[in-house]
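**Student:** Next comes the structure file input09.tsv, holding TSV, N, CA and C atoms.
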```
chain	number	residue	atom	x	y	z
O	22	MET	N	82.65	67.69	114.05
O	22	MET	CA	81.37	68.17	114.50
O	22	MET	C	80.80	69.10	113.43
O	23	THR	N	79.57	68.94	113.13
O	23	THR	CA	78.90	69.71	112.09
O	23	THR	C	78.25	70.95	112.71
O	24	GLU	N	78.38	72.07	111.99
O	24	GLU	CA	77.74	73.32	112.43
O	24	GLU	C	76.22	73.19	112.27
O	25	PRO	N	75.46	73.70	113.21
O	25	PRO	CA	74.00	73.64	113.06
O	25	PRO	C	73.55	74.56	111.92
O	26	MET	N	72.51	74.16	111.24
O	26	MET	CA	71.94	74.96	110.16
O	26	MET	C	71.21	76.16	110.74
O	27	THR	N	71.36	77.29	110.11
O	27	THR	CA	70.62	78.48	110.53
O	27	THR	C	69.95	79.08	109.32
O	28	ASN	N	68.99	79.92	109.57
O	28	ASN	CA	68.31	80.63	108.49
O	28	ASN	C	68.88	82.03	108.29
O	29	ALA	N	69.98	82.32	108.94
O	29	ALA	CA	70.58	83.65	108.79
O	29	ALA	C	71.12	83.80	107.37
O	30	PRO	N	70.90	84.96	106.78
O	30	PRO	CA	71.40	85.15	105.41
O	30	PRO	C	72.92	85.19	105.39
O	31	ARG	N	73.47	84.70	104.30
O	31	ARG	CA	74.91	84.78	104.12
O	31	ARG	C	75.30	86.21	103.82
O	32	PRO	N	76.47	86.61	104.26
O	32	PRO	CA	76.90	87.95	103.89
O	32	PRO	C	77.14	88.02	102.39
O	33	GLY	N	76.65	89.05	101.75
O	33	GLY	CA	76.84	89.22	100.32
O	33	GLY	C	78.16	89.89	100.02
O	34	PRO	N	78.45	90.06	98.75
O	34	PRO	CA	79.69	90.76	98.40
O	34	PRO	C	79.63	92.20	98.88
O	35	VAL	N	80.77	92.75	99.15
O	35	VAL	CA	80.83	94.14	99.60
O	35	VAL	C	80.36	95.03	98.45
O	36	GLN	N	79.40	95.86	98.75
O	36	GLN	CA	78.86	96.78	97.74
O	36	GLN	C	79.51	98.15	97.91
O	37	LEU	N	80.19	98.60	96.87
O	37	LEU	CA	80.83	99.91	96.90
O	37	LEU	C	79.89	100.96	96.33
O	38	THR	N	79.97	102.14	96.86
O	38	THR	CA	79.21	103.25	96.28
O	38	THR	C	79.86	103.60	94.95
O	39	PRO	N	79.14	104.29	94.08
O	39	PRO	CA	79.76	104.71	92.81
O	39	PRO	C	81.04	105.52	93.03
O	40	GLU	N	81.04	106.36	94.06
O	40	GLU	CA	82.23	107.17	94.35
O	40	GLU	C	83.40	106.30	94.79
O	41	GLU	N	83.12	105.28	95.62
O	41	GLU	CA	84.18	104.38	96.08
O	41	GLU	C	84.71	103.53	94.92
O	42	LEU	N	83.80	103.08	94.07
O	42	LEU	CA	84.21	102.29	92.91
O	42	LEU	C	85.09	103.13	91.99
O	43	ALA	N	84.69	104.38	91.72
O	43	ALA	CA	85.49	105.26	90.86
O	43	ALA	C	86.86	105.49	91.47
O	44	ALA	N	86.92	105.75	92.76
O	44	ALA	CA	88.20	105.99	93.43
O	44	ALA	C	89.10	104.76	93.35
O	45	GLU	N	88.52	103.59	93.52
O	45	GLU	CA	89.30	102.35	93.46
O	45	GLU	C	89.86	102.12	92.06
O	46	LEU	N	89.01	102.28	91.05
O	46	LEU	CA	89.47	102.08	89.68
O	46	LEU	C	90.51	103.11	89.27
O	47	LEU	N	90.29	104.36	89.66
O	47	LEU	CA	91.23	105.41	89.29
O	47	LEU	C	92.57	105.24	90.02
O	48	ALA	N	92.55	104.72	91.23
O	48	ALA	CA	93.79	104.49	91.96
O	48	ALA	C	94.67	103.50	91.21
O	49	GLU	N	94.06	102.54	90.55
O	49	GLU	CA	94.81	101.55	89.78
O	49	GLU	C	95.53	102.17	88.59
O	50	LEU	N	95.06	103.31	88.11
O	50	LEU	CA	95.63	103.92	86.91
O	50	LEU	C	96.77	104.89	87.20
O	51	HIS	N	97.01	105.20	88.44
O	51	HIS	CA	98.08	106.14	88.79
O	51	HIS	C	99.41	105.64	88.24
O	52	GLY	N	100.10	106.49	87.46
O	52	GLY	CA	101.41	106.15	86.90
O	52	GLY	C	101.36	105.21	85.72
O	53	ARG	N	100.20	104.94	85.19
O	53	ARG	CA	100.06	103.98	84.08
O	53	ARG	C	100.85	104.40	82.84
O	54	PHE	N	101.03	105.70	82.61
O	54	PHE	CA	101.77	106.18	81.44
O	54	PHE	C	103.20	106.61	81.80
O	55	GLN	N	103.69	106.14	82.91
O	55	GLN	CA	105.01	106.55	83.40
O	55	GLN	C	106.11	106.29	82.37
O	56	ASP	N	106.03	105.20	81.65
O	56	ASP	CA	107.04	104.85	80.65
O	56	ASP	C	106.59	105.15	79.23
O	57	GLY	N	105.64	106.07	79.08
O	57	GLY	CA	105.10	106.39	77.77
O	57	GLY	C	103.78	105.66	77.55
O	58	TYR	N	103.22	105.83	76.37
O	58	TYR	CA	101.95	105.19	76.07
O	58	TYR	C	101.78	105.02	74.57
O	59	THR	N	101.00	104.04	74.23
O	59	THR	CA	100.65	103.74	72.84
O	59	THR	C	99.17	104.04	72.65
O	60	PRO	N	98.70	104.05	71.41
O	60	PRO	CA	97.26	104.21	71.21
O	60	PRO	C	96.44	103.12	71.92
O	61	GLU	N	96.99	101.91	72.00
O	61	GLU	CA	96.29	100.84	72.69
O	61	GLU	C	96.22	101.12	74.20
O	62	ASP	N	97.30	101.68	74.76
O	62	ASP	CA	97.28	102.07	76.17
O	62	ASP	C	96.23	103.14	76.41
O	63	VAL	N	96.18	104.12	75.52
O	63	VAL	CA	95.21	105.21	75.63
O	63	VAL	C	93.79	104.64	75.65
O	64	THR	N	93.51	103.74	74.71
O	64	THR	CA	92.17	103.16	74.64
O	64	THR	C	91.83	102.40	75.92
O	65	ALA	N	92.76	101.59	76.41
O	65	ALA	CA	92.50	100.81	77.62
O	65	ALA	C	92.26	101.70	78.83
O	66	VAL	N	93.13	102.67	79.03
O	66	VAL	CA	93.04	103.55	80.21
O	66	VAL	C	91.85	104.49	80.10
O	67	PHE	N	91.67	105.13	78.96
O	67	PHE	CA	90.57	106.08	78.81
O	67	PHE	C	89.21	105.37	78.86
O	68	SER	N	89.15	104.13	78.41
O	68	SER	CA	87.90	103.35	78.54
O	68	SER	C	87.59	103.09	80.01
O	69	ARG	N	88.61	102.75	80.79
O	69	ARG	CA	88.41	102.52	82.23
O	69	ARG	C	87.94	103.81	82.91
O	70	ILE	N	88.55	104.93	82.53
O	70	ILE	CA	88.15	106.21	83.11
O	70	ILE	C	86.69	106.51	82.79
O	71	TYR	N	86.31	106.31	81.53
O	71	TYR	CA	84.93	106.56	81.15
O	71	TYR	C	83.97	105.67	81.94
O	72	ASP	N	84.30	104.39	82.05
O	72	ASP	CA	83.45	103.46	82.80
O	72	ASP	C	83.34	103.86	84.27
O	73	ALA	N	84.44	104.38	84.83
O	73	ALA	CA	84.47	104.71	86.25
O	73	ALA	C	83.80	106.03	86.58
O	74	VAL	N	84.05	107.04	85.75
O	74	VAL	CA	83.57	108.38	86.13
O	74	VAL	C	82.72	109.07	85.07
O	75	GLY	N	82.59	108.48	83.87
O	75	GLY	CA	81.73	109.04	82.85
O	75	GLY	C	82.32	110.19	82.05
O	76	ILE	N	83.62	110.42	82.18
O	76	ILE	CA	84.27	111.47	81.37
O	76	ILE	C	84.99	110.78	80.22
O	77	TYR	N	84.64	111.17	78.99
O	77	TYR	CA	85.20	110.55	77.79
O	77	TYR	C	86.42	111.34	77.34
O	78	LEU	N	87.60	110.76	77.58
O	78	LEU	CA	88.85	111.41	77.18
O	78	LEU	C	89.31	110.87	75.84
O	79	VAL	N	89.99	111.73	75.08
O	79	VAL	CA	90.59	111.33	73.81
O	79	VAL	C	92.01	111.85	73.76
O	80	CYS	N	92.81	111.19	72.93
O	80	CYS	CA	94.19	111.60	72.69
O	80	CYS	C	94.29	112.01	71.23
O	81	VAL	N	94.76	113.23	70.98
O	81	VAL	CA	94.94	113.72	69.62
O	81	VAL	C	96.43	113.68	69.30
O	82	TRP	N	96.79	112.83	68.35
O	82	TRP	CA	98.18	112.63	67.93
O	82	TRP	C	98.49	113.56	66.75
O	83	ASP	N	99.78	113.77	66.47
O	83	ASP	CA	100.17	114.60	65.33
O	83	ASP	C	99.75	113.98	64.00
O	84	TYR	N	99.93	112.66	63.89
O	84	TYR	CA	99.66	112.03	62.61
O	84	TYR	C	99.29	110.56	62.80
O	85	ALA	N	98.79	109.98	61.73
O	85	ALA	CA	98.59	108.53	61.64
O	85	ALA	C	99.16	108.10	60.30
O	86	ASP	N	99.88	106.99	60.31
O	86	ASP	CA	100.42	106.43	59.07
O	86	ASP	C	100.16	104.93	59.06
O	87	GLU	N	100.81	104.22	58.15
O	87	GLU	CA	100.55	102.78	58.03
O	87	GLU	C	100.94	102.00	59.29
O	88	TYR	N	101.73	102.62	60.18
O	88	TYR	CA	102.14	101.97	61.43
O	88	TYR	C	101.24	102.34	62.62
O	89	GLY	N	100.34	103.27	62.42
O	89	GLY	CA	99.44	103.69	63.49
O	89	GLY	C	99.59	105.16	63.83
O	90	PHE	N	99.19	105.53	65.02
O	90	PHE	CA	99.24	106.92	65.47
O	90	PHE	C	100.64	107.23	65.97
O	91	GLY	N	101.06	108.50	65.80
O	91	GLY	CA	102.39	108.85	66.27
O	91	GLY	C	102.58	110.34	66.44
O	92	GLY	N	103.78	110.70	66.88
O	92	GLY	CA	104.13	112.10	67.11
O	92	GLY	C	103.69	112.56	68.48
O	93	ASN	N	103.73	113.86	68.68
O	93	ASN	CA	103.27	114.43	69.95
O	93	ASN	C	101.76	114.21	70.08
O	94	SER	N	101.29	114.29	71.30
O	94	SER	CA	99.87	114.08	71.53
O	94	SER	C	99.38	114.98	72.65
O	95	GLU	N	98.08	115.21	72.65
O	95	GLU	CA	97.43	116.01	73.69
O	95	GLU	C	96.14	115.31	74.09
O	96	PHE	N	95.77	115.47	75.36
O	96	PHE	CA	94.54	114.89	75.88
O	96	PHE	C	93.44	115.94	75.90
O	97	TYR	N	92.23	115.48	75.57
O	97	TYR	CA	91.04	116.33	75.62
O	97	TYR	C	89.88	115.51	76.16
O	98	ALA	N	88.81	116.19	76.52
O	98	ALA	CA	87.54	115.54	76.84
O	98	ALA	C	86.64	115.76	75.63
O	99	GLU	N	85.78	114.78	75.36
O	99	GLU	CA	84.85	114.89	74.24
O	99	GLU	C	83.43	114.69	74.75
O	100	ASP	N	82.51	115.55	74.27
O	100	ASP	CA	81.12	115.38	74.68
O	100	ASP	C	80.39	114.51	73.67
O	101	GLN	N	79.13	114.24	73.90
O	101	GLN	CA	78.34	113.35	73.05
O	101	GLN	C	78.16	113.88	71.63
O	102	ASP	N	78.30	115.19	71.45
O	102	ASP	CA	78.15	115.79	70.13
O	102	ASP	C	79.47	115.88	69.38
O	103	GLY	N	80.55	115.36	69.97
O	103	GLY	CA	81.86	115.41	69.32
O	103	GLY	C	82.65	116.67	69.61
O	104	GLY	N	82.15	117.54	70.47
O	104	GLY	CA	82.89	118.75	70.84
O	104	GLY	C	84.04	118.40	71.77
O	105	LEU	N	85.17	119.04	71.55
O	105	LEU	CA	86.33	118.79	72.41
O	105	LEU	C	86.51	119.92	73.42
O	106	PHE	N	87.04	119.54	74.57
O	106	PHE	CA	87.27	120.47	75.67
O	106	PHE	C	88.67	120.26	76.22
O	107	GLU	N	89.29	121.34	76.62
O	107	GLU	CA	90.58	121.26	77.30
O	107	GLU	C	90.39	120.47	78.58
O	108	VAL	N	91.45	119.83	79.06
O	108	VAL	CA	91.40	119.14	80.34
O	108	VAL	C	92.53	119.65	81.22
O	109	GLN	N	92.35	119.46	82.52
O	109	GLN	CA	93.38	119.88	83.47
O	109	GLN	C	94.67	119.11	83.23
O	110	PRO	N	95.82	119.78	83.27
O	110	PRO	CA	97.09	119.08	83.11
O	110	PRO	C	97.31	118.01	84.17
O	111	GLY	N	96.63	118.13	85.30
O	111	GLY	CA	96.76	117.15	86.37
O	111	GLY	C	96.42	115.73	85.92
O	112	ILE	N	95.59	115.58	84.91
O	112	ILE	CA	95.24	114.25	84.42
O	112	ILE	C	96.49	113.58	83.84
O	113	TYR	N	97.20	114.31	82.99
O	113	TYR	CA	98.45	113.76	82.43
O	113	TYR	C	99.47	113.50	83.53
O	114	HIS	N	99.63	114.44	84.44
O	114	HIS	CA	100.62	114.29	85.52
O	114	HIS	C	100.30	113.10	86.41
O	115	TRP	N	99.03	112.85	86.65
O	115	TRP	CA	98.61	111.69	87.44
O	115	TRP	C	98.88	110.39	86.69
O	116	LEU	N	98.50	110.33	85.40
O	116	LEU	CA	98.73	109.11	84.63
O	116	LEU	C	100.22	108.83	84.43
O	117	SER	N	101.03	109.88	84.39
O	117	SER	CA	102.48	109.69	84.23
O	117	SER	C	103.19	109.46	85.57
O	118	GLY	N	102.44	109.52	86.66
O	118	GLY	CA	103.00	109.26	87.98
O	118	GLY	C	103.63	110.45	88.66
O	119	GLU	N	103.49	111.63	88.07
O	119	GLU	CA	104.10	112.85	88.61
O	119	GLU	C	103.32	113.44	89.78
O	120	GLN	N	102.04	113.12	89.89
O	120	GLN	CA	101.25	113.56	91.04
O	120	GLN	C	100.32	112.43	91.43
O	121	GLN	N	99.93	112.41	92.69
O	121	GLN	CA	99.20	111.28	93.28
O	121	GLN	C	97.76	111.15	92.77
O	122	THR	N	97.09	112.27	92.55
O	122	THR	CA	95.69	112.22	92.11
O	122	THR	C	95.49	113.14	90.91
O	123	PRO	N	94.42	112.91	90.15
O	123	PRO	CA	94.15	113.78	89.00
O	123	PRO	C	93.40	115.05	89.36
O	124	GLY	N	93.08	115.22	90.62
O	124	GLY	CA	92.30	116.38	91.04
O	124	GLY	C	90.83	116.03	91.05
O	125	PRO	N	90.01	116.90	91.63
O	125	PRO	CA	88.57	116.64	91.72
O	125	PRO	C	87.95	116.49	90.32
O	126	LEU	N	87.05	115.54	90.18
O	126	LEU	CA	86.42	115.28	88.89
O	126	LEU	C	85.76	116.52	88.28
O	127	ASP	N	85.17	117.36	89.13
O	127	ASP	CA	84.47	118.52	88.59
O	127	ASP	C	85.42	119.57	88.03
O	128	THR	N	86.74	119.37	88.15
O	128	THR	CA	87.71	120.31	87.56
O	128	THR	C	88.39	119.74	86.33
O	129	TRP	N	88.12	118.51	85.98
O	129	TRP	CA	88.82	117.87	84.85
O	129	TRP	C	88.55	118.56	83.53
O	130	VAL	N	87.30	118.85	83.24
O	130	VAL	CA	86.92	119.39	81.93
O	130	VAL	C	86.88	120.91	82.02
O	131	CYS	N	87.58	121.54	81.06
O	131	CYS	CA	87.70	123.00	81.06
O	131	CYS	C	86.97	123.59	79.85
O	132	ALA	N	87.55	124.64	79.29
O	132	ALA	CA	86.93	125.39	78.19
O	132	ALA	C	86.89	124.59	76.89
O	133	PRO	N	85.91	124.90	76.05
O	133	PRO	CA	85.87	124.26	74.73
O	133	PRO	C	87.13	124.60	73.92
O	134	VAL	N	87.53	123.67	73.07
O	134	VAL	CA	88.69	123.89	72.21
O	134	VAL	C	88.28	124.86	71.12
O	135	ALA	N	89.08	125.91	70.93
O	135	ALA	CA	88.75	126.95	69.95
O	135	ALA	C	89.21	126.59	68.54
O	136	GLU	N	90.25	125.77	68.42
O	136	GLU	CA	90.78	125.41	67.10
O	136	GLU	C	89.88	124.37	66.43
O	137	PRO	N	90.01	124.18	65.11
O	137	PRO	CA	89.19	123.16	64.43
O	137	PRO	C	89.44	121.77	65.02
O	138	THR	N	88.38	120.99	65.12
O	138	THR	CA	88.50	119.67	65.72
O	138	THR	C	87.99	118.57	64.79
O	139	ASP	N	88.11	118.79	63.50
O	139	ASP	CA	87.73	117.78	62.53
O	139	ASP	C	89.00	117.05	62.11
O	140	PHE	N	89.24	115.88	62.69
O	140	PHE	CA	90.48	115.16	62.47
O	140	PHE	C	90.29	114.09	61.40
O	141	PRO	N	91.25	113.96	60.48
O	141	PRO	CA	91.08	113.02	59.36
O	141	PRO	C	91.15	111.54	59.74
O	142	VAL	N	91.74	111.22	60.88
O	142	VAL	CA	91.89	109.81	61.25
O	142	VAL	C	91.41	109.60	62.69
O	143	THR	N	90.68	108.52	62.90
O	143	THR	CA	90.26	108.11	64.23
O	143	THR	C	90.20	106.59	64.28
O	144	ASP	N	90.37	106.04	65.45
O	144	ASP	CA	90.19	104.59	65.61
O	144	ASP	C	88.79	104.28	66.13
O	145	ASP	N	87.93	105.30	66.15
O	145	ASP	CA	86.55	105.18	66.65
O	145	ASP	C	86.49	104.86	68.13
O	146	PHE	N	87.58	105.09	68.84
O	146	PHE	CA	87.60	104.92	70.28
O	146	PHE	C	88.12	106.20	70.92
O	147	HIS	N	89.38	106.22	71.29
O	147	HIS	CA	89.93	107.34	72.04
O	147	HIS	C	91.13	108.00	71.35
O	148	ASN	N	91.40	107.67	70.10
O	148	ASN	CA	92.57	108.21	69.40
O	148	ASN	C	92.16	108.92	68.12
O	149	TYR	N	92.73	110.12	67.93
O	149	TYR	CA	92.53	110.91	66.72
O	149	TYR	C	93.90	111.36	66.21
O	150	ALA	N	93.96	111.72	64.94
O	150	ALA	CA	95.21	112.26	64.37
O	150	ALA	C	94.92	113.54	63.62
O	151	ARG	N	95.84	114.50	63.76
O	151	ARG	CA	95.70	115.78	63.06
O	151	ARG	C	95.99	115.65	61.57
O	152	ALA	N	96.83	114.69	61.19
O	152	ALA	CA	97.21	114.51	59.79
O	152	ALA	C	97.21	113.03	59.44
O	153	ASP	N	96.82	112.74	58.19
O	153	ASP	CA	96.84	111.38	57.67
O	153	ASP	C	98.04	111.27	56.74
O	154	GLN	N	99.04	110.49	57.14
O	154	GLN	CA	100.25	110.34	56.34
O	154	GLN	C	100.30	108.99	55.64
O	155	THR	N	99.18	108.31	55.52
O	155	THR	CA	99.18	107.00	54.89
O	155	THR	C	99.32	107.09	53.39
O	156	ASP	N	99.01	108.24	52.80
O	156	ASP	CA	99.10	108.40	51.35
O	156	ASP	C	100.42	109.01	50.90
O	157	ASP	N	101.29	109.36	51.84
O	157	ASP	CA	102.58	109.99	51.48
O	157	ASP	C	103.52	109.01	50.83
```
Take the structure in the file and give it back as structure tokens.

**Tutor:**
Amino acid sequence: MTEPMTNAPRPGPVQLTPEELAAELLAELHGRFQDGYTPEDVTAVFSRIYDAVGIYLVCVWDYADEYGFGGNSEFYAEDQDGGLFEVQPGIYHWLSGEQQTPGPLDTWVCAPVAEPTDFPVTDDFHNYARADQTDD
């Protein structure tokens, strides 16, 4: 038996609010750095964060050499003018799986970084290095 034709509109895709979309995308990133991270991981995750919530995070590594970025690293937020800002430690703890959420978005970005922020190496995305060891 065939269903009768109606002029009722079909239900469209579920439309999420920007806040719901951000929460959904950020939930997927919980624990993403649990087993460590590479510069490629940083770029993928920080790009998703920027797309979801508009905060541009960067990772500053100790050095870059012919194999890429390496050493210890720290996370910062960067503004459109290239200024760096401290970020809440909760962001790292959330990405490493140590806490469930990164905290409210309005607390992520803290004070401007007081130390020099002119780094010799960048991948033009989310990774910087304090030292260039490619010439060593």

**Student:** Would you mind listing what lies within 8 Å of segment 139-151 of chain O as a PyMOL selection string, with all atoms listed in the file counted and same-chain residues fewer than 3 positions away left out?

**Tutor:** chain O and resi 60+63-65+67-68+77-85+90-91+136+154

**Student:** Could you tell me how far atom CA of Ala44 of chain O lies from atom CA of Pro133 of chain O, in Å and to one decimal?

**Tutor:**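 Those two atoms sit 26.2 Å apart.
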
**Student:** Please list, as a list of chain:residue names, the residues that have an atom at most 7 Å away from (95.8, 118.4, 77.2) in the coordinates of this file, counting all atoms listed in the file.

**Tutor:** O:Ser94, O:Glu95, O:Phe96, O:Tyr97, O:Glu107, O:Val108, O:Gln109, O:Pro110

**Student:** Please determine the residues with any atom at most 7 Å from (85.7, 121.2, 74.9) (coordinates as given in the file, with only N, CA and C atoms counting) and report them as a PyMOL selection string.

**Tutor:** chain O and resi 98-100+104-107+131-134

**Student:** Write the residues of the preceding selection, restricted to N, CA and C atoms, as a PDB file, in the frame of the given file.

**Tutor:**
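Okay, selection.pdb is ready:
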```pdb
ATOM      1  N   ALA O  98      88.810 116.190  76.520  1.00  0.00           N
ATOM      2  CA  ALA O  98      87.540 115.540  76.840  1.00  0.00           C
ATOM      3  C   ALA O  98      86.640 115.760  75.630  1.00  0.00           C
ATOM      4  N   GLU O  99      85.780 114.780  75.360  1.00  0.00           N
ATOM      5  CA  GLU O  99      84.850 114.890  74.240  1.00  0.00           C
ATOM      6  C   GLU O  99      83.430 114.690  74.750  1.00  0.00           C
ATOM      7  N   ASP O 100      82.510 115.550  74.270  1.00  0.00           N
ATOM      8  CA  ASP O 100      81.120 115.380  74.680  1.00  0.00           C
ATOM      9  C   ASP O 100      80.390 114.510  73.670  1.00  0.00           C
ATOM     10  N   GLY O 104      82.150 117.540  70.470  1.00  0.00           N
ATOM     11  CA  GLY O 104      82.890 118.750  70.840  1.00  0.00           C
ATOM     12  C   GLY O 104      84.040 118.400  71.770  1.00  0.00           C
ATOM     13  N   LEU O 105      85.170 119.040  71.550  1.00  0.00           N
ATOM     14  CA  LEU O 105      86.330 118.790  72.410  1.00  0.00           C
ATOM     15  C   LEU O 105      86.510 119.920  73.420  1.00  0.00           C
ATOM     16  N   PHE O 106      87.040 119.540  74.570  1.00  0.00           N
ATOM     17  CA  PHE O 106      87.270 120.470  75.670  1.00  0.00           C
ATOM     18  C   PHE O 106      88.670 120.260  76.220  1.00  0.00           C
ATOM     19  N   GLU O 107      89.290 121.340  76.620  1.00  0.00           N
ATOM     20  CA  GLU O 107      90.580 121.260  77.300  1.00  0.00           C
ATOM     21  C   GLU O 107      90.390 120.470  78.580  1.00  0.00           C
ATOM     22  N   CYS O 131      87.580 121.540  81.060  1.00  0.00           N
ATOM     23  CA  CYS O 131      87.700 123.000  81.060  1.00  0.00           C
ATOM     24  C   CYS O 131      86.970 123.590  79.850  1.00  0.00           C
ATOM     25  N   ALA O 132      87.550 124.640  79.290  1.00  0.00           N
ATOM     26  CA  ALA O 132      86.930 125.390  78.190  1.00  0.00           C
ATOM     27  C   ALA O 132      86.890 124.590  76.890  1.00  0.00           C
ATOM     28  N   PRO O 133      85.910 124.900  76.050  1.00  0.00           N
ATOM     29  CA  PRO O 133      85.870 124.260  74.730  1.00  0.00           C
ATOM     30  C   PRO O 133      87.130 124.600  73.920  1.00  0.00           C
ATOM     31  N   VAL O 134      87.530 123.670  73.070  1.00  0.00           N
ATOM     32  CA  VAL O 134      88.690 123.890  72.210  1.00  0.00           C
ATOM     33  C   VAL O 134      88.280 124.860  71.120  1.00  0.00           C
TER      34      VAL O 134
END
```

**Student:** Could you work out how far atom CA of His51 of chain O lies from atom CA of Gln121 of chain O, giving the answer in Å with one decimal?

**Tutor:**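 Atom CA of His51 of chain O lies at a distance of 6.9 Å from atom CA of Gln121 of chain O.
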